[in-house]
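Engineer: One file is attached below, structure_11.pdb, containing PDB, C-alpha atoms, pLDDT in the B column.
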MODEL        1
ATOM      1  CA  MET U   1      71.645  91.971  79.104  1.00 80.00           C
ATOM      2  CA  LYS U   2      70.560  92.460  75.513  1.00 82.00           C
ATOM      3  CA  ILE U   3      69.026  95.876  74.977  1.00 88.00           C
ATOM      4  CA  GLY U   4      68.503  95.943  71.239  1.00 90.00           C
ATOM      5  CA  GLU U   5      69.636  95.269  67.709  1.00 90.00           C
ATOM      6  CA  LYS U   6      70.609  97.377  64.719  1.00 89.00           C
ATOM      7  CA  VAL U   7      70.319  96.043  61.185  1.00 90.00           C
ATOM      8  CA  HIS U   8      72.825  97.182  58.574  1.00 88.00           C
ATOM      9  CA  VAL U   9      72.299  96.442  54.883  1.00 90.00           C
ATOM     10  CA  ASP U  10      75.404  96.098  52.708  1.00 91.00           C
ATOM     11  CA  GLU U  11      73.944  96.595  49.260  1.00 88.00           C
ATOM     12  CA  VAL U  12      77.308  96.253  47.522  1.00 91.00           C
ATOM     13  CA  ASN U  13      77.953  92.744  48.873  1.00 90.00           C
ATOM     14  CA  GLN U  14      74.235  91.967  49.232  1.00 91.00           C
ATOM     15  CA  LYS U  15      74.499  91.084  52.913  1.00 91.00           C
ATOM     16  CA  ILE U  16      72.584  91.981  56.037  1.00 92.00           C
ATOM     17  CA  HIS U  17      74.490  92.480  59.298  1.00 88.00           C
ATOM     18  CA  VAL U  18      72.750  92.429  62.664  1.00 87.00           C
ATOM     19  CA  GLU U  19      74.539  94.324  65.431  1.00 87.00           C
ATOM     20  CA  LYS U  20      73.420  93.273  68.898  1.00 88.00           C
ATOM     21  CA  LEU U  21      73.565  95.867  71.674  1.00 90.00           C
ATOM     22  CA  TYR U  22      74.165  94.888  75.294  1.00 92.00           C
ATOM     23  CA  SER U  23      74.295  96.600  78.673  1.00 94.00           C
ATOM     24  CA  ASN U  24      76.846  95.375  81.201  1.00 93.00           C
ATOM     25  CA  THR U  25      75.340  97.479  83.995  1.00 95.00           C
ATOM     26  CA  PRO U  26      73.366  94.596  85.593  1.00 95.00           C
ATOM     27  CA  TYR U  27      76.547  92.499  85.805  1.00 96.00           C
ATOM     28  CA  LEU U  28      78.574  95.359  87.264  1.00 96.00           C
ATOM     29  CA  ASP U  29      75.794  96.034  89.790  1.00 97.00           C
ATOM     30  CA  ARG U  30      75.744  92.338  90.731  1.00 96.00           C
ATOM     31  CA  VAL U  31      79.506  92.279  91.363  1.00 96.00           C
ATOM     32  CA  GLU U  32      79.255  95.490  93.378  1.00 96.00           C
ATOM     33  CA  GLU U  33      76.486  93.997  95.535  1.00 97.00           C
ATOM     34  CA  ILE U  34      78.413  90.751  96.067  1.00 96.00           C
ATOM     35  CA  ASN U  35      81.476  92.771  97.103  1.00 94.00           C
ATOM     36  CA  ARG U  36      79.383  95.001  99.376  1.00 95.00           C
ATOM     37  CA  GLN U  37      78.046  91.932 101.172  1.00 95.00           C
ATOM     38  CA  GLY U  38      81.518  90.388 101.417  1.00 91.00           C
ATOM     39  CA  LEU U  39      80.478  87.179  99.672  1.00 93.00           C
ATOM     40  CA  GLY U  40      82.595  84.816  97.570  1.00 92.00           C
ATOM     41  CA  LYS U  41      85.932  85.795  99.091  1.00 90.00           C
ATOM     42  CA  SER U  42      86.546  83.112 101.692  1.00 89.00           C
ATOM     43  CA  GLY U  43      86.213  79.411 102.167  1.00 87.00           C
ATOM     44  CA  GLU U  44      87.068  76.585  99.854  1.00 87.00           C
ATOM     45  CA  ASN U  45      84.967  77.822  96.916  1.00 88.00           C
ATOM     46  CA  ARG U  46      85.540  81.423  95.888  1.00 92.00           C
ATOM     47  CA  LEU U  47      83.875  83.510  93.223  1.00 94.00           C
ATOM     48  CA  ALA U  48      86.611  84.902  90.983  1.00 94.00           C
ATOM     49  CA  GLY U  49      84.201  87.047  89.026  1.00 95.00           C
ATOM     50  CA  VAL U  50      81.213  87.375  86.756  1.00 95.00           C
ATOM     51  CA  ILE U  51      81.595  87.468  82.965  1.00 96.00           C
ATOM     52  CA  PRO U  52      78.581  88.132  80.742  1.00 96.00           C
ATOM     53  CA  ILE U  53      78.274  85.468  78.032  1.00 95.00           C
ATOM     54  CA  HIS U  54      78.086  88.050  75.239  1.00 95.00           C
ATOM     55  CA  LEU U  55      81.400  89.540  76.408  1.00 96.00           C
ATOM     56  CA  LEU U  56      83.055  86.116  76.635  1.00 97.00           C
ATOM     57  CA  LYS U  57      81.849  85.271  73.122  1.00 95.00           C
ATOM     58  CA  GLU U  58      83.204  88.559  71.784  1.00 94.00           C
ATOM     59  CA  VAL U  59      86.644  87.941  73.317  1.00 97.00           C
ATOM     60  CA  CYS U  60      86.683  84.316  72.100  1.00 97.00           C
ATOM     61  CA  ASP U  61      85.810  85.479  68.590  1.00 96.00           C
ATOM     62  CA  LYS U  62      88.613  88.059  68.640  1.00 96.00           C
ATOM     63  CA  LEU U  63      91.108  85.433  69.815  1.00 97.00           C
ATOM     64  CA  GLY U  64      89.889  82.821  67.330  1.00 97.00           C
ATOM     65  CA  VAL U  65      88.718  80.432  70.063  1.00 98.00           C
ATOM     66  CA  LYS U  66      85.843  78.213  68.972  1.00 97.00           C
ATOM     67  CA  TRP U  67      82.873  78.135  71.319  1.00 95.00           C
ATOM     68  CA  ASP U  68      82.882  74.323  71.536  1.00 96.00           C
ATOM     69  CA  ASP U  69      86.560  74.230  72.631  1.00 97.00           C
ATOM     70  CA  VAL U  70      85.817  74.133  76.357  1.00 97.00           C
ATOM     71  CA  GLU U  71      89.449  73.976  77.537  1.00 97.00           C
ATOM     72  CA  ALA U  72      90.461  76.959  75.400  1.00 98.00           C
ATOM     73  CA  ARG U  73      87.388  78.849  76.610  1.00 97.00           C
ATOM     74  CA  LYS U  74      88.356  78.146  80.241  1.00 96.00           C
ATOM     75  CA  ASP U  75      91.767  79.636  79.491  1.00 97.00           C
ATOM     76  CA  VAL U  76      90.124  82.729  78.000  1.00 97.00           C
ATOM     77  CA  VAL U  77      87.991  83.162  81.145  1.00 96.00           C
ATOM     78  CA  ARG U  78      91.068  82.810  83.333  1.00 95.00           C
ATOM     79  CA  ARG U  79      93.070  85.318  81.288  1.00 95.00           C
ATOM     80  CA  MET U  80      90.165  87.768  81.222  1.00 95.00           C
ATOM     81  CA  LEU U  81      89.718  87.699  84.976  1.00 94.00           C
ATOM     82  CA  LEU U  82      93.440  87.933  85.723  1.00 94.00           C
ATOM     83  CA  SER U  83      93.980  90.845  83.359  1.00 92.00           C
ATOM     84  CA  GLY U  84      93.337  94.329  84.658  1.00 90.00           C
ATOM     85  CA  ASP U  85      90.967  95.044  81.770  1.00 94.00           C
ATOM     86  CA  PHE U  86      88.063  93.248  83.445  1.00 95.00           C
ATOM     87  CA  ASP U  87      88.811  94.203  87.050  1.00 94.00           C
ATOM     88  CA  LYS U  88      85.313  95.579  87.642  1.00 95.00           C
ATOM     89  CA  LEU U  89      83.947  92.075  87.020  1.00 96.00           C
ATOM     90  CA  ARG U  90      86.183  90.538  89.718  1.00 95.00           C
ATOM     91  CA  VAL U  91      84.920  89.495  93.114  1.00 95.00           C
ATOM     92  CA  TRP U  92      87.849  87.645  94.630  1.00 94.00           C
ATOM     93  CA  LYS U  93      91.182  89.264  93.701  1.00 90.00           C
ATOM     94  CA  GLY U  94      93.389  86.224  94.354  1.00 87.00           C
ATOM     95  CA  LYS U  95      95.284  84.081  91.854  1.00 84.00           C
ATOM     96  CA  PHE U  96      93.800  80.898  90.463  1.00 80.00           C
TER      97      PHE U  96
ENDMDL
END
Can you turn what I pasted into structure tokens?
Structural biologist:
Amino acid sequence: MKIGEKVHVDEVNQKIHVEKLYSNTPYLDRVEEINRQGLGKSGENRLAGVIPIHLLKEVCDKLGVKWDDVEARKDVVRRMLLSGDFDKLRVWKGKF
């Protein structure tokens, strides 16, 4: 959830940078509620986790993955959810 923006002016290079600020609390609360209710962990279709779009875009940018490369983006999502770094966004803890 976007909570604000900060504008930085680089007078030397004559550029303006806009820093967007986000809160991941609503997503963490959602995962906690899903886990509390025991949803998404059984049956044929399971919910591996919830990744905020702004976080996915940030990771893709760091890895050099273009947003329109859907297959590479799927791999990024998979690696994010299977790594321990994003464990609080996981619902179902199985392998996929």
Engineer: Find, counting only C-alpha atoms, the residue in U:Asn45, U:Asp85, U:Asp61, U:Glu5 that gets nearest to U:His17.
Structural biologist: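 With only C-alpha atoms as the atom set, the closest residue is U:Glu5.
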Engineer: Which residue out of U:Lys20, U:Gln14, U:Leu28, U:Ile3 has the minimum interatomic distance to U:Pro52 when all atoms listed in the file are used?
Structural biologist: U:Leu28
Engineer: Just so the selection is clear, what residues does the PyMOL selection byres ((chain U and resi 35) around 12) cover here, as a list in words?
Structural biologist: Leu28, Asp29, Arg30, Val31, Glu32, Glu33, Ile34, Arg36, Gln37, Gly38, Leu39, Gly40, Lys41, Ser42, Leu47, Ala48, Gly49, Val50, Lys88, Leu89, Arg90, Val91, Trp92 and Lys93 of chain U
Engineer: Could you spell out the hits of the PyMOL selection byres ((chain U and resi 78) around 12) on the shown file, as JSON, numbers by chain?
Structural biologist: {"U": [48, 49, 50, 51, 56, 71, 72, 73, 74, 75, 76, 77, 79, 80, 81, 82, 83, 84, 86, 90, 94, 95, 96]}
Engineer: Any idea what the distance is between atom CA of U:Lys66 and atom CA of U:Ser23?
Structural biologist: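 Spanning atom CA of U:Lys66 to atom CA of U:Ser23 is a straight-line distance of 23.8 Å.
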Engineer: How many Å separate atom CA of U:Trp67 from atom CA of U:Glu19?
Structural biologist: 19.1 Å
Engineer: Check the smallest atom-to-atom distance from each of U:Ile53, U:Ile16, U:Cys60, U:Leu21 to U:Lys2 using all atoms listed in the file, then report the winner.
Structural biologist: U:Leu21
Engineer: So how far away is atom CA of U:Leu55 from atom CA of U:Met1, in Å?
Structural biologist: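 Those two atoms sit 10.4 Å apart.
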Engineer: Kindly indicate which residue among U:Gly4, U:Asn24, U:Val9, U:Val18 lies nearest to U:His54, using only C-alpha atoms for the distances.
Structural biologist: U:Asn24
Engineer: Each side padded by 8 Å, which centre and which edge lengths in Å (one decimal) define the axis-aligned box around the listed atoms of stretch 74-82 of chain U? Give them as lines of an AutoDock Vina configuration file.
Structural biologist:
center_x = 90.7
center_y = 83.0
center_z = 81.9
size_x = 21.4
size_y = 25.8
size_z = 23.7
